[in-house]
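K.L.:
So that you have it, the file is structure_34.csv, and it contains CSV, C-alpha atoms:
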```csv
chain,number,residue,atom,x,y,z
A,1,MET,CA,116.5,175.0,116.5
A,2,SER,CA,113.4,177.2,116.6
A,3,GLU,CA,111.5,177.6,113.3
A,4,HIS,CA,111.7,181.4,113.9
A,5,SER,CA,115.5,181.5,114.1
A,6,ASN,CA,116.0,182.2,110.4
A,7,SER,CA,113.2,184.8,110.1
A,8,PRO,CA,114.2,188.5,109.9
A,9,PHE,CA,111.6,189.1,112.6
A,10,SER,CA,113.0,186.6,115.1
A,11,GLY,CA,114.0,189.4,117.4
A,12,LEU,CA,110.3,189.8,118.3
A,13,ASP,CA,110.5,186.5,120.1
A,14,LEU,CA,112.4,188.4,122.9
A,15,LEU,CA,109.2,190.3,123.7
A,16,SER,CA,106.8,189.1,126.4
A,17,SER,CA,103.8,190.7,124.5
A,18,SER,CA,102.2,188.9,121.6
A,19,VAL,CA,103.1,190.3,118.2
A,20,ILE,CA,101.4,189.4,114.9
A,21,LEU,CA,102.5,190.8,111.6
A,22,LEU,CA,100.0,191.1,108.7
A,23,ASP,CA,100.2,191.9,105.1
A,24,GLU,CA,97.8,194.2,103.2
A,25,LYS,CA,95.2,191.4,102.8
A,26,LEU,CA,95.2,191.0,106.6
A,27,SER,CA,97.0,187.6,106.2
A,28,ILE,CA,99.4,186.4,108.9
A,29,ARG,CA,103.0,186.7,108.0
A,30,TYR,CA,104.6,186.2,111.3
A,31,LEU,CA,103.7,185.4,115.0
A,32,ASN,CA,106.3,185.7,117.7
A,33,SER,CA,106.6,183.0,120.4
A,34,ALA,CA,104.3,184.8,122.8
A,35,ALA,CA,101.6,185.0,120.2
A,36,GLU,CA,101.9,181.3,119.5
A,37,ASP,CA,101.4,180.6,123.2
A,38,LEU,CA,98.6,183.0,123.6
A,39,LEU,CA,96.6,181.7,120.6
A,40,ALA,CA,97.7,178.1,121.0
A,41,ILE,CA,98.8,177.8,117.4
A,42,SER,CA,101.9,177.4,115.4
A,43,GLY,CA,103.1,180.3,113.2
A,44,LYS,CA,104.1,177.8,110.6
A,45,THR,CA,100.6,176.3,110.5
A,46,VAL,CA,98.7,179.6,110.1
A,47,ALA,CA,101.2,181.5,107.9
A,48,GLY,CA,99.1,183.0,105.1
A,49,ALA,CA,95.8,182.5,106.9
A,50,LYS,CA,93.5,185.4,107.4
A,51,PHE,CA,94.0,187.0,110.8
A,52,CYS,CA,90.2,187.2,111.5
A,53,ASP,CA,89.7,183.6,110.6
A,54,VAL,CA,92.3,182.6,113.2
A,55,THR,CA,91.1,185.0,116.0
A,56,GLY,CA,87.5,185.8,115.1
A,57,CYS,CA,88.4,189.4,115.7
A,58,PRO,CA,85.5,191.7,116.6
A,59,ALA,CA,84.2,194.5,114.3
A,60,THR,CA,86.0,197.2,116.2
A,61,LEU,CA,89.4,195.5,115.7
A,62,LEU,CA,88.7,194.8,112.1
A,63,GLU,CA,87.8,198.5,111.6
A,64,ALA,CA,91.1,199.5,113.3
A,65,LEU,CA,93.0,197.2,111.0
A,66,ASP,CA,91.4,198.8,107.9
A,67,ASN,CA,92.0,202.3,109.1
A,68,ALA,CA,95.6,201.5,109.8
A,69,LEU,CA,96.0,200.1,106.3
A,70,GLN,CA,94.1,202.9,104.5
A,71,HIS,CA,95.1,205.9,106.5
A,72,GLY,CA,98.0,204.9,108.6
A,73,TRP,CA,96.1,205.5,111.8
A,74,GLY,CA,97.4,203.8,115.0
A,75,HIS,CA,94.9,202.2,117.3
A,76,SER,CA,94.9,201.3,121.0
A,77,GLY,CA,92.0,199.0,122.1
A,78,GLN,CA,91.0,198.1,125.6
A,79,ASN,CA,89.3,194.9,126.6
A,80,ILE,CA,89.0,193.4,123.1
A,81,GLU,CA,87.6,189.8,123.0
A,82,ILE,CA,88.9,187.3,120.5
A,83,GLN,CA,88.2,183.5,120.2
A,84,ARG,CA,90.8,180.9,119.6
A,85,ASN,CA,90.3,177.8,117.5
A,86,ASP,CA,89.7,175.8,120.6
A,87,GLU,CA,86.8,178.2,121.4
A,88,LEU,CA,88.5,179.7,124.4
A,89,ARG,CA,87.6,183.4,124.6
A,90,LEU,CA,90.4,185.8,125.5
A,91,GLN,CA,90.2,189.3,126.9
A,92,LEU,CA,93.0,191.5,125.6
A,93,ASN,CA,94.4,195.0,125.2
A,94,CYS,CA,95.9,195.6,121.8
A,95,THR,CA,97.6,198.2,119.6
A,96,VAL,CA,97.7,198.3,115.8
A,97,ASN,CA,100.4,200.2,113.9
A,98,ARG,CA,101.2,200.6,110.2
A,99,ILE,CA,104.7,199.5,109.2
A,100,ASP,CA,106.4,198.8,105.8
A,101,ALA,CA,108.8,195.9,106.0
A,102,GLY,CA,108.7,193.7,102.8
A,103,ASP,CA,105.2,192.2,102.5
A,104,VAL,CA,104.3,193.3,106.1
A,105,ARG,CA,102.0,196.2,106.5
A,106,LEU,CA,100.6,196.0,110.0
A,107,LEU,CA,101.9,195.2,113.5
A,108,VAL,CA,99.4,194.0,116.0
A,109,GLU,CA,100.4,193.7,119.6
A,110,LEU,CA,98.3,191.9,122.2
A,111,TRP,CA,98.4,191.8,126.0
A,112,PRO,CA,96.0,189.3,127.8
A,113,ILE,CA,94.1,191.0,130.7
A,114,ASP,CA,92.2,187.9,131.8
A,115,GLN,CA,93.9,187.9,135.2
A,116,GLN,CA,93.2,191.6,135.9
A,117,ILE,CA,89.5,191.1,134.9
A,118,LYS,CA,89.3,188.0,137.0
A,119,ALA,CA,90.9,189.7,140.0
A,120,THR,CA,88.5,192.7,139.6
A,121,ARG,CA,85.5,190.4,139.2
A,122,GLU,CA,86.5,188.4,142.3
A,123,GLU,CA,86.9,191.5,144.4
A,124,ARG,CA,83.5,192.8,143.2
A,125,LEU,CA,81.9,189.5,144.0
A,126,LEU,CA,83.5,189.3,147.4
A,127,GLU,CA,82.2,192.8,148.3
A,128,GLN,CA,78.8,192.0,146.9
A,129,GLN,CA,78.7,188.7,148.8
A,130,LEU,CA,79.6,190.3,152.1
A,131,ALA,CA,76.8,192.9,151.6
A,132,ASN,CA,74.3,190.2,150.6
A,133,ARG,CA,75.1,188.1,153.6
A,134,GLU,CA,74.6,191.1,156.0
A,135,LEU,CA,71.3,192.0,154.2
A,136,ILE,CA,70.1,188.4,154.2
A,137,ARG,CA,70.9,187.9,157.9
A,138,ASN,CA,69.2,191.1,159.0
A,139,LEU,CA,66.1,190.4,156.8
A,140,ALA,CA,65.8,186.8,157.8
A,141,HIS,CA,65.9,187.7,161.5
A,142,GLU,CA,63.3,190.4,161.0
A,143,ILE,CA,61.0,188.0,159.2
A,144,LYS,CA,61.6,184.9,161.4
A,145,ASN,CA,60.3,186.4,164.6
A,146,PRO,CA,56.8,187.5,163.3
A,147,LEU,CA,56.4,184.2,161.6
A,148,GLY,CA,56.5,182.4,165.0
A,149,GLY,CA,53.7,184.7,166.2
A,150,ILE,CA,51.6,184.2,163.1
A,151,ARG,CA,51.9,180.4,163.4
A,152,GLY,CA,51.0,180.4,167.1
A,153,ALA,CA,48.0,182.6,166.5
A,154,ALA,CA,46.8,180.3,163.7
A,155,GLN,CA,47.1,177.3,165.9
A,156,LEU,CA,45.1,179.0,168.7
A,157,LEU,CA,42.5,180.1,166.2
A,158,GLU,CA,42.2,176.5,164.8
A,159,HIS,CA,41.4,175.2,168.3
A,160,GLU,CA,38.5,177.7,168.6
A,161,LEU,CA,36.9,176.8,165.3
A,162,ASN,CA,34.0,174.4,165.4
A,163,ASN,CA,33.6,174.2,161.7
A,164,PRO,CA,36.2,171.7,160.2
A,165,ALA,CA,35.9,173.4,156.8
A,166,LEU,CA,37.3,176.6,158.3
A,167,ARG,CA,40.3,174.7,159.7
A,168,GLU,CA,41.5,174.2,156.2
A,169,TYR,CA,42.3,177.9,156.1
A,170,THR,CA,44.3,177.8,159.3
A,171,GLN,CA,46.2,174.9,158.0
A,172,VAL,CA,47.1,176.9,154.9
A,173,ILE,CA,48.5,179.6,157.2
A,174,ILE,CA,50.4,177.1,159.3
A,175,LYS,CA,51.9,175.3,156.4
A,176,GLU,CA,52.9,178.4,154.5
A,177,THR,CA,54.4,179.8,157.8
A,178,ASP,CA,56.4,176.6,158.2
A,179,ARG,CA,57.6,176.9,154.6
A,180,LEU,CA,58.8,180.5,155.2
A,181,GLN,CA,60.5,179.5,158.4
A,182,ASP,CA,62.3,176.8,156.6
A,183,LEU,CA,63.4,179.3,154.0
A,184,MET,CA,64.7,181.6,156.8
A,185,LYS,CA,66.7,178.8,158.3
A,186,ARG,CA,68.3,178.2,154.9
A,187,LEU,CA,69.1,181.8,154.5
A,188,LEU,CA,70.7,181.9,158.0
A,189,SER,CA,72.5,178.5,157.7
A,190,PRO,CA,75.7,179.9,156.0
A,191,HIS,CA,76.3,182.0,159.0
A,192,ARG,CA,76.9,179.1,161.4
A,193,PRO,CA,80.5,178.7,162.5
A,194,MET,CA,82.6,176.3,160.4
A,195,GLN,CA,83.5,173.0,161.8
A,196,PRO,CA,86.8,172.4,160.1
A,197,GLY,CA,88.6,169.0,159.8
A,198,ALA,CA,90.6,166.9,157.4
A,199,VAL,CA,88.5,166.4,154.3
A,200,ASN,CA,89.0,164.2,151.3
A,201,ILE,CA,87.5,166.0,148.3
A,202,HIS,CA,86.8,162.7,146.5
A,203,GLU,CA,84.8,161.4,149.4
A,204,ILE,CA,82.7,164.6,149.1
A,205,LEU,CA,82.2,164.0,145.4
A,206,GLU,CA,81.3,160.3,145.9
A,207,ARG,CA,78.7,161.3,148.5
A,208,VAL,CA,77.2,163.9,146.1
A,209,ARG,CA,77.3,161.4,143.3
A,210,SER,CA,75.3,158.8,145.3
A,211,LEU,CA,72.7,161.4,146.2
A,212,LEU,CA,72.3,162.4,142.6
A,213,LYS,CA,72.1,158.8,141.4
A,214,ALA,CA,69.3,158.3,143.9
A,215,GLU,CA,67.4,161.5,142.9
A,216,PHE,CA,67.9,161.1,139.1
A,217,PRO,CA,68.2,157.4,138.5
A,218,LYS,CA,67.5,157.6,134.7
A,219,ALA,CA,69.1,159.4,131.8
A,220,LEU,CA,72.0,160.9,133.8
A,221,MET,CA,75.6,159.8,133.5
A,222,ILE,CA,78.0,161.1,136.2
A,223,ARG,CA,81.6,160.8,135.1
A,224,ARG,CA,84.7,161.0,137.3
A,225,ASP,CA,87.9,162.6,136.3
A,226,TYR,CA,89.9,162.6,139.5
A,227,ASP,CA,93.5,163.5,140.3
A,228,THR,CA,93.9,160.8,143.1
A,229,SER,CA,97.2,162.3,144.2
A,230,LEU,CA,95.4,165.3,145.7
A,231,PRO,CA,96.0,165.6,149.5
A,232,GLU,CA,93.3,166.3,152.0
A,233,LEU,CA,92.3,169.8,152.8
A,234,ILE,CA,91.0,171.5,155.9
A,235,GLY,CA,87.3,172.2,155.6
A,236,ASP,CA,83.8,171.7,156.8
A,237,ARG,CA,82.6,168.4,155.4
A,238,GLU,CA,78.9,169.2,155.5
A,239,GLN,CA,79.3,172.6,154.0
A,240,LEU,CA,81.3,171.3,151.1
A,241,ILE,CA,78.8,168.5,150.4
A,242,GLN,CA,76.0,171.0,150.3
A,243,ALA,CA,78.0,173.4,148.1
A,244,VAL,CA,78.8,170.8,145.5
A,245,LEU,CA,75.3,169.2,145.7
A,246,ASN,CA,73.6,172.5,145.1
A,247,ILE,CA,75.7,173.1,141.9
A,248,ALA,CA,75.3,169.5,140.7
A,249,ARG,CA,71.6,169.3,141.4
A,250,ASN,CA,71.0,172.5,139.4
A,251,ALA,CA,72.9,170.9,136.6
A,252,ALA,CA,70.9,167.7,136.8
A,253,GLN,CA,67.6,169.6,136.9
A,254,ALA,CA,68.6,171.7,133.9
A,255,ILE,CA,69.5,168.6,132.0
A,256,MET,CA,66.2,166.9,132.8
A,257,ASN,CA,64.3,169.9,131.7
A,258,ARG,CA,66.1,170.5,128.4
A,259,PRO,CA,64.1,170.1,125.1
A,260,GLU,CA,66.3,167.4,123.7
A,261,ALA,CA,65.5,165.1,126.6
A,262,ASP,CA,66.3,162.0,124.5
A,263,ALA,CA,70.0,162.9,124.5
A,264,GLU,CA,71.9,161.5,127.4
A,265,GLY,CA,72.6,163.9,130.2
A,266,GLN,CA,76.1,164.0,131.5
A,267,ILE,CA,77.8,165.6,134.5
A,268,THR,CA,81.5,165.4,135.1
A,269,PHE,CA,83.4,165.8,138.4
A,270,ARG,CA,87.0,166.8,137.7
A,271,THR,CA,89.7,167.5,140.3
A,272,ARG,CA,93.1,169.0,139.8
A,273,VAL,CA,95.8,170.7,141.8
A,274,ALA,CA,96.4,174.4,141.2
A,275,ARG,CA,99.7,176.0,142.2
A,276,GLN,CA,100.6,179.6,143.2
A,277,VAL,CA,97.0,180.9,143.0
A,278,THR,CA,95.5,184.1,144.4
A,279,LEU,CA,92.1,183.5,146.0
A,280,ALA,CA,90.1,186.2,147.7
A,281,LYS,CA,93.1,188.5,147.6
A,282,LYS,CA,95.4,186.0,149.3
A,283,ARG,CA,98.3,184.0,147.7
A,284,PHE,CA,98.4,180.3,148.3
A,285,PRO,CA,101.1,177.8,147.1
A,286,LEU,CA,98.6,175.0,146.6
A,287,ALA,CA,94.9,174.8,146.0
A,288,ILE,CA,92.4,172.2,144.9
A,289,GLU,CA,90.5,172.9,141.7
A,290,LEU,CA,87.1,171.2,141.4
A,291,GLN,CA,85.0,171.5,138.3
A,292,VAL,CA,81.4,170.4,137.8
A,293,ILE,CA,80.7,170.2,134.1
A,294,ASP,CA,77.4,169.4,132.4
A,295,ASN,CA,76.0,169.2,128.9
A,296,GLY,CA,72.7,170.9,129.7
A,297,PRO,CA,71.1,173.9,128.0
A,298,GLY,CA,73.4,176.4,129.7
A,299,ILE,CA,72.5,179.3,132.1
A,300,PRO,CA,70.2,181.9,130.6
A,301,GLU,CA,72.3,184.9,129.4
A,302,ASP,CA,70.1,187.4,131.2
A,303,ILE,CA,70.9,186.0,134.7
A,304,ARG,CA,74.6,185.0,134.2
A,305,GLU,CA,75.8,188.1,135.9
A,306,ARG,CA,73.3,187.8,138.7
A,307,MET,CA,73.1,184.0,139.2
A,308,PHE,CA,74.9,184.1,142.6
A,309,TYR,CA,72.5,186.7,143.9
A,310,PRO,CA,69.9,185.4,146.4
A,311,LEU,CA,66.4,184.6,145.1
A,312,VAL,CA,67.6,184.7,141.4
A,313,SER,CA,66.7,181.5,139.6
A,314,GLY,CA,66.6,180.5,135.9
A,315,ARG,CA,64.3,177.5,136.6
A,316,GLU,CA,60.6,177.7,137.1
A,317,GLY,CA,59.8,176.7,140.7
A,318,GLY,CA,63.4,177.4,141.9
A,319,ASN,CA,64.0,179.4,145.0
A,320,GLY,CA,67.3,181.0,143.9
A,321,LEU,CA,69.2,180.0,147.0
A,322,GLY,CA,71.3,177.0,145.8
A,323,LEU,CA,74.1,179.0,144.2
A,324,THR,CA,74.0,181.7,146.8
A,325,LEU,CA,74.6,179.1,149.5
A,326,ALA,CA,77.3,177.4,147.5
A,327,GLN,CA,79.1,180.6,147.0
A,328,ASN,CA,78.8,181.4,150.8
A,329,PHE,CA,80.3,178.1,151.7
A,330,VAL,CA,83.2,178.3,149.3
A,331,LEU,CA,84.0,181.8,150.5
A,332,GLN,CA,84.1,180.6,154.0
A,333,HIS,CA,86.8,178.2,152.9
A,334,GLN,CA,88.7,181.2,151.5
A,335,GLY,CA,88.0,179.9,148.0
A,336,THR,CA,86.4,181.2,144.8
A,337,ILE,CA,83.7,180.0,142.5
A,338,GLU,CA,83.2,181.0,138.9
A,339,CYS,CA,81.2,179.8,135.9
A,340,GLN,CA,81.5,179.5,132.1
A,341,SER,CA,78.3,178.6,130.3
A,342,ARG,CA,77.0,178.2,126.8
A,343,PRO,CA,74.4,175.9,125.3
A,344,GLY,CA,75.6,172.3,125.7
A,345,TYR,CA,78.4,173.2,128.2
A,346,THR,CA,78.4,174.7,131.7
A,347,CYS,CA,81.4,174.5,134.0
A,348,PHE,CA,81.5,175.7,137.6
A,349,THR,CA,85.1,175.9,138.9
A,350,LEU,CA,85.7,175.9,142.6
A,351,ARG,CA,89.2,176.6,143.9
A,352,MET,CA,90.0,176.2,147.6
A,353,PRO,CA,93.4,176.4,149.3
A,354,LEU,CA,94.8,173.3,151.1
A,355,THR,CA,95.5,175.6,154.0
A,356,LEU,CA,92.9,177.3,156.1
A,357,GLY,CA,93.2,180.1,158.7
A,358,ASP,CA,96.3,179.1,160.5
A,359,GLY,CA,98.1,177.9,157.4
A,360,LYS,CA,98.2,174.2,158.5
A,361,THR,CA,97.3,171.5,156.0
A,362,ALA,CA,95.5,168.2,156.4
A,363,GLY,CA,98.2,166.1,154.9
```
Once you've parsed the file, please lay out its structure as C-alpha cells.

P.N.:
Amino acid sequence: MSEHSNSPFSGLDLLSSSVILLDEKLSIRYLNSAAEDLLAISGKTVAGAKFCDVTGCPATLLEALDNALQHGWGHSGQNIEIQRNDELRLQLNCTVNRIDAGDVRLLVELWPIDQQIKATREERLLEQQLANRELIRNLAHEIKNPLGGIRGAAQLLEHELNNPALREYTQVIIKETDRLQDLMKRLLSPHRPMQPGAVNIHEILERVRSLLKAEFPKALMIRRDYDTSLPELIGDREQLIQAVLNIARNAAQAIMNRPEADAEGQITFRTRVARQVTLAKKRFPLAIELQVIDNGPGIPEDIRERMFYPLVSGREGGNGLGLTLAQNFVLQHQGTIECQSRPGYTCFTLRMPLTLGDGKTAG
C-alpha cells in the first residue's frame, strides 16, 4: 500500500503535474507521486524539511512564496531553475497559490520543461549549424584558391633569389600558406559524402582510446563503461572516430593543463541504449547514447553557448575546429550532441539512431 494512501491529500497523486504543499514556515507537508519522481526524493523522508533546502529554489521563487503567504498573491513562473539533491538542475514552470487546509498554507505546482527547452535548443543548433556549414564552405573555397597562387609565386621568387638569407622569408610564406591550406581542408572535410557501413561503436571507442594512450601516456586514466549488448549502427567509421577523438582529445588537453596537475586525470567512455528518442526533429525507436566524461576544469562559462561555433576555443593555441567538426559529423549521422560542464565534471552526450537514411539497421 502506498505511504500516501492514508493522507487527506492522496487525491493529488492522480495529477500528472508535481504538487508540493507547504506550511507557513515553508516546510514541506506533502509531495504527490509526480513530485517525488521529479525531485527524486521520498515524501516521507523530506516531510518537515525546508522547501528551499530540498530544491535550492531561486530568489524569484522564494519571493513568490513570501508574497503568497503575506498577501495571498498567486504567482506563475516561467523557466524556473531548481537543483535536486543529486545536483541535477531542472528547468520548470510553476504556480504558487495560497490555501488554508490544516497546517498547509501554500500549494506549489511544477511542470518540467526540459524537453521543450532541449527541442528548441536542438532546433536552434541545427539551423545555426546549417548556416555555419554554408558560410564555412563558401569562405574556405574563396580563401583556398588565392593560397595556391601565393604559394606558387613564393616558390618562383625563391628560385630567383641569390641570397640564401632572403630565402628564409619565402620559406615563411610557403609554410604559412601550407598551414592555411591544411586549415581549409579541415574546414571542407565535413562536406565530403558519407561512406556508411556497419559500425561497432565499441571498436570506435577502443581505437580512440589507443590513440589517446599513445598521445598522453602519463597521468591519464581512460575508463570503459560499455553496454556490450548494443547492436551495430550504420555510419561512417572514419567520421565517428574523428568526432569522438576530437571531444576526447579536448578533454585530455584540458586535464593536462589544469592547475591541480598532481590529481589523476580521468576520462570515461560510457555507452547505453536510448529508446523512443527524437533526434533532429525525427523520432527513432532505438538510438545509441555515447558519453565522454572527464574530471577536468570544465568549459569556461563565457564560451559554453558558443563552443560549437567554428574558430571558438577555450584553450590557448587551439584552432577552435575540433568541436565544430565533431558536431558536423554527428549531425550527418542524424544525431545530436550536447554538453553539461562544471569544474571537475564535463560530459558530452552523443545520440545517434541505429537506423540511417533508408531505415535499415546494421544488425

K.L.:
Measure the distance from CA of Ala214 (chain A) to CA of Asp294 (chain A) in Å and round it to one decimal.

P.N.:
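A separation of 17.9 Å between them.
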
K.L.:
Region 96-105 of chain A: which residues within 9 Å, counting all atoms listed in the file, same-chain residues fewer than 6 positions away excluded, as a ChimeraX atom specification?

P.N.:
/A:21-24,26,28-30,61,64-65,68-69,71-77

K.L.:
Write out as a PyMOL selection string each polymer residue whose atoms come within 12 Å of Ile204 (chain A), counting only C-alpha atoms; drop sequence neighbours fewer than 5 positions from it.

P.N.:
chain A and resi 198-199+209-211+232-233+235-245+269+271+290

K.L.:
Determine the nearest neighbour of Leu106 (chain A) from the options A:Leu220, A:Ala154, A:Ile20, A:Leu325, counting all atoms listed in the file.

P.N.:
A:Ile20

K.L.:
So the first atom is CA of Arg275 (chain A) and the second is CA of Ile288 (chain A); what is the distance between them in Å, to one decimal place?

P.N.:
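Rounded to one decimal, the two atoms are 8.7 Å apart.
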
K.L.:
Could you tell me which of A:Asn145, A:Ser16, A:Ser229, A:Asn250 comes closest to Asn200 (chain A) if we count all atoms listed in the file?

P.N.:
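Going through A:Asn145, A:Ser16, A:Ser229, A:Asn250 one by one, the smallest distance to Asn200 (chain A) is for A:Ser229.
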
K.L.:
Just checking: using all atoms listed in the file, which residue out of A:Ala47, A:Leu286, A:Ile201, A:Gly148 ends up closest to Arg179 (chain A)?

P.N.:
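Once distances to Arg179 (chain A) are computed over all atoms listed in the file, the minimum belongs to A:Gly148.
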
K.L.:
Can you tell me how far CA of Pro343 (chain A) sits from CA of Ile255 (chain A), in Å to one decimal?

P.N.:
11.1 Å

K.L.:
Take the point (100.6, 191.5, 118.1) as written in the file and pick out every residue within 6 Å of it, counting only C-alpha atoms; give the list as a PyMOL selection string.

P.N.:
chain A and resi 18-20+108-110

K.L.:
Looking at only C-alpha atoms, which of A:Ile173, A:Ala280, A:Met221, A:Ile303 is the one that sits closest to Gln266 (chain A)?

P.N.:
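Closest to Gln266 (chain A) of all the choices is A:Met221.
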
K.L.:
Let me make sure I understand: among A:Asn246, A:Gln181, A:Thr278, A:Gln91, which one has the smallest atom-to-atom distance to Leu323 (chain A) if we use all atoms listed in the file?

P.N.:
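Closest residue, counting all atoms listed in the file: A:Asn246.
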
K.L.:
Could you check which of A:Thr45, A:Asn328, A:Thr349, A:Gln70 is closest to Ile136 (chain A), using all atoms listed in the file?

P.N.:
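Closest residue, counting all atoms listed in the file: A:Asn328.
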
K.L.:
Within 8 Å of (91.7, 163.2, 141.1), in the coordinates the file gives, what residues turn up when you count only C-alpha atoms, written out as a list in words?

P.N.:
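With a cut-off of 8 Å, the residues come to His202, Asp225, Tyr226, Asp227, Thr228, Ser229, Leu230, Arg270, Thr271 and Arg272 of chain A.
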
K.L.:
Please fill the gaps in region 31-49 of chain A so it has N, CA and C atoms, and write that as a PDB file, in the frame of the given file.

P.N.:
```
ATOM      1  N   LEU A  31     104.155 185.294 113.575  1.00  0.00           N
ATOM      2  CA  LEU A  31     103.700 185.400 115.000  1.00  0.00           C
ATOM      3  C   LEU A  31     104.986 185.136 115.817  1.00  0.00           C
ATOM      4  N   ASN A  32     105.186 185.959 116.830  1.00  0.00           N
ATOM      5  CA  ASN A  32     106.300 185.700 117.700  1.00  0.00           C
ATOM      6  C   ASN A  32     105.895 184.553 118.701  1.00  0.00           C
ATOM      7  N   SER A  33     106.833 184.098 119.503  1.00  0.00           N
ATOM      8  CA  SER A  33     106.600 183.000 120.400  1.00  0.00           C
ATOM      9  C   SER A  33     105.447 183.229 121.375  1.00  0.00           C
ATOM     10  N   ALA A  34     105.393 184.465 121.895  1.00  0.00           N
ATOM     11  CA  ALA A  34     104.300 184.800 122.800  1.00  0.00           C
ATOM     12  C   ALA A  34     102.958 184.719 122.184  1.00  0.00           C
ATOM     13  N   ALA A  35     102.854 185.124 120.932  1.00  0.00           N
ATOM     14  CA  ALA A  35     101.600 185.000 120.200  1.00  0.00           C
ATOM     15  C   ALA A  35     101.183 183.597 119.970  1.00  0.00           C
ATOM     16  N   GLU A  36     102.162 182.749 119.650  1.00  0.00           N
ATOM     17  CA  GLU A  36     101.900 181.300 119.500  1.00  0.00           C
ATOM     18  C   GLU A  36     101.303 180.724 120.749  1.00  0.00           C
ATOM     19  N   ASP A  37     101.911 181.078 121.888  1.00  0.00           N
ATOM     20  CA  ASP A  37     101.400 180.600 123.200  1.00  0.00           C
ATOM     21  C   ASP A  37     100.038 181.098 123.495  1.00  0.00           C
ATOM     22  N   LEU A  38      99.840 182.381 123.244  1.00  0.00           N
ATOM     23  CA  LEU A  38      98.600 183.000 123.600  1.00  0.00           C
ATOM     24  C   LEU A  38      97.422 182.398 122.759  1.00  0.00           C
ATOM     25  N   LEU A  39      97.658 182.221 121.459  1.00  0.00           N
ATOM     26  CA  LEU A  39      96.600 181.700 120.600  1.00  0.00           C
ATOM     27  C   LEU A  39      96.599 180.225 120.411  1.00  0.00           C
ATOM     28  N   ALA A  40      97.569 179.554 121.051  1.00  0.00           N
ATOM     29  CA  ALA A  40      97.700 178.100 121.000  1.00  0.00           C
ATOM     30  C   ALA A  40      97.740 177.567 119.580  1.00  0.00           C
ATOM     31  N   ILE A  41      98.588 178.227 118.778  1.00  0.00           N
ATOM     32  CA  ILE A  41      98.800 177.800 117.400  1.00  0.00           C
ATOM     33  C   ILE A  41     100.231 177.920 117.011  1.00  0.00           C
ATOM     34  N   SER A  42     100.594 177.297 115.927  1.00  0.00           N
ATOM     35  CA  SER A  42     101.900 177.400 115.400  1.00  0.00           C
ATOM     36  C   SER A  42     101.976 178.414 114.264  1.00  0.00           C
ATOM     37  N   GLY A  43     102.989 179.276 114.283  1.00  0.00           N
ATOM     38  CA  GLY A  43     103.100 180.300 113.200  1.00  0.00           C
ATOM     39  C   GLY A  43     103.271 179.630 111.860  1.00  0.00           C
ATOM     40  N   LYS A  44     103.927 178.492 111.823  1.00  0.00           N
ATOM     41  CA  LYS A  44     104.100 177.800 110.600  1.00  0.00           C
ATOM     42  C   LYS A  44     102.780 177.323 109.993  1.00  0.00           C
ATOM     43  N   THR A  45     101.894 176.865 110.901  1.00  0.00           N
ATOM     44  CA  THR A  45     100.600 176.300 110.500  1.00  0.00           C
ATOM     45  C   THR A  45      99.682 177.411 109.918  1.00  0.00           C
ATOM     46  N   VAL A  46      99.710 178.598 110.531  1.00  0.00           N
ATOM     47  CA  VAL A  46      98.700 179.600 110.100  1.00  0.00           C
ATOM     48  C   VAL A  46      99.350 180.682 109.207  1.00  0.00           C
ATOM     49  N   ALA A  47     100.591 180.491 108.799  1.00  0.00           N
ATOM     50  CA  ALA A  47     101.200 181.500 107.900  1.00  0.00           C
ATOM     51  C   ALA A  47     100.358 181.560 106.609  1.00  0.00           C
ATOM     52  N   GLY A  48      99.965 182.771 106.259  1.00  0.00           N
ATOM     53  CA  GLY A  48      99.100 183.000 105.100  1.00  0.00           C
ATOM     54  C   GLY A  48      97.641 182.971 105.368  1.00  0.00           C
ATOM     55  N   ALA A  49      97.257 182.527 106.556  1.00  0.00           N
ATOM     56  CA  ALA A  49      95.800 182.500 106.900  1.00  0.00           C
ATOM     57  C   ALA A  49      95.338 183.889 107.259  1.00  0.00           C
TER      58      ALA A  49
END
```
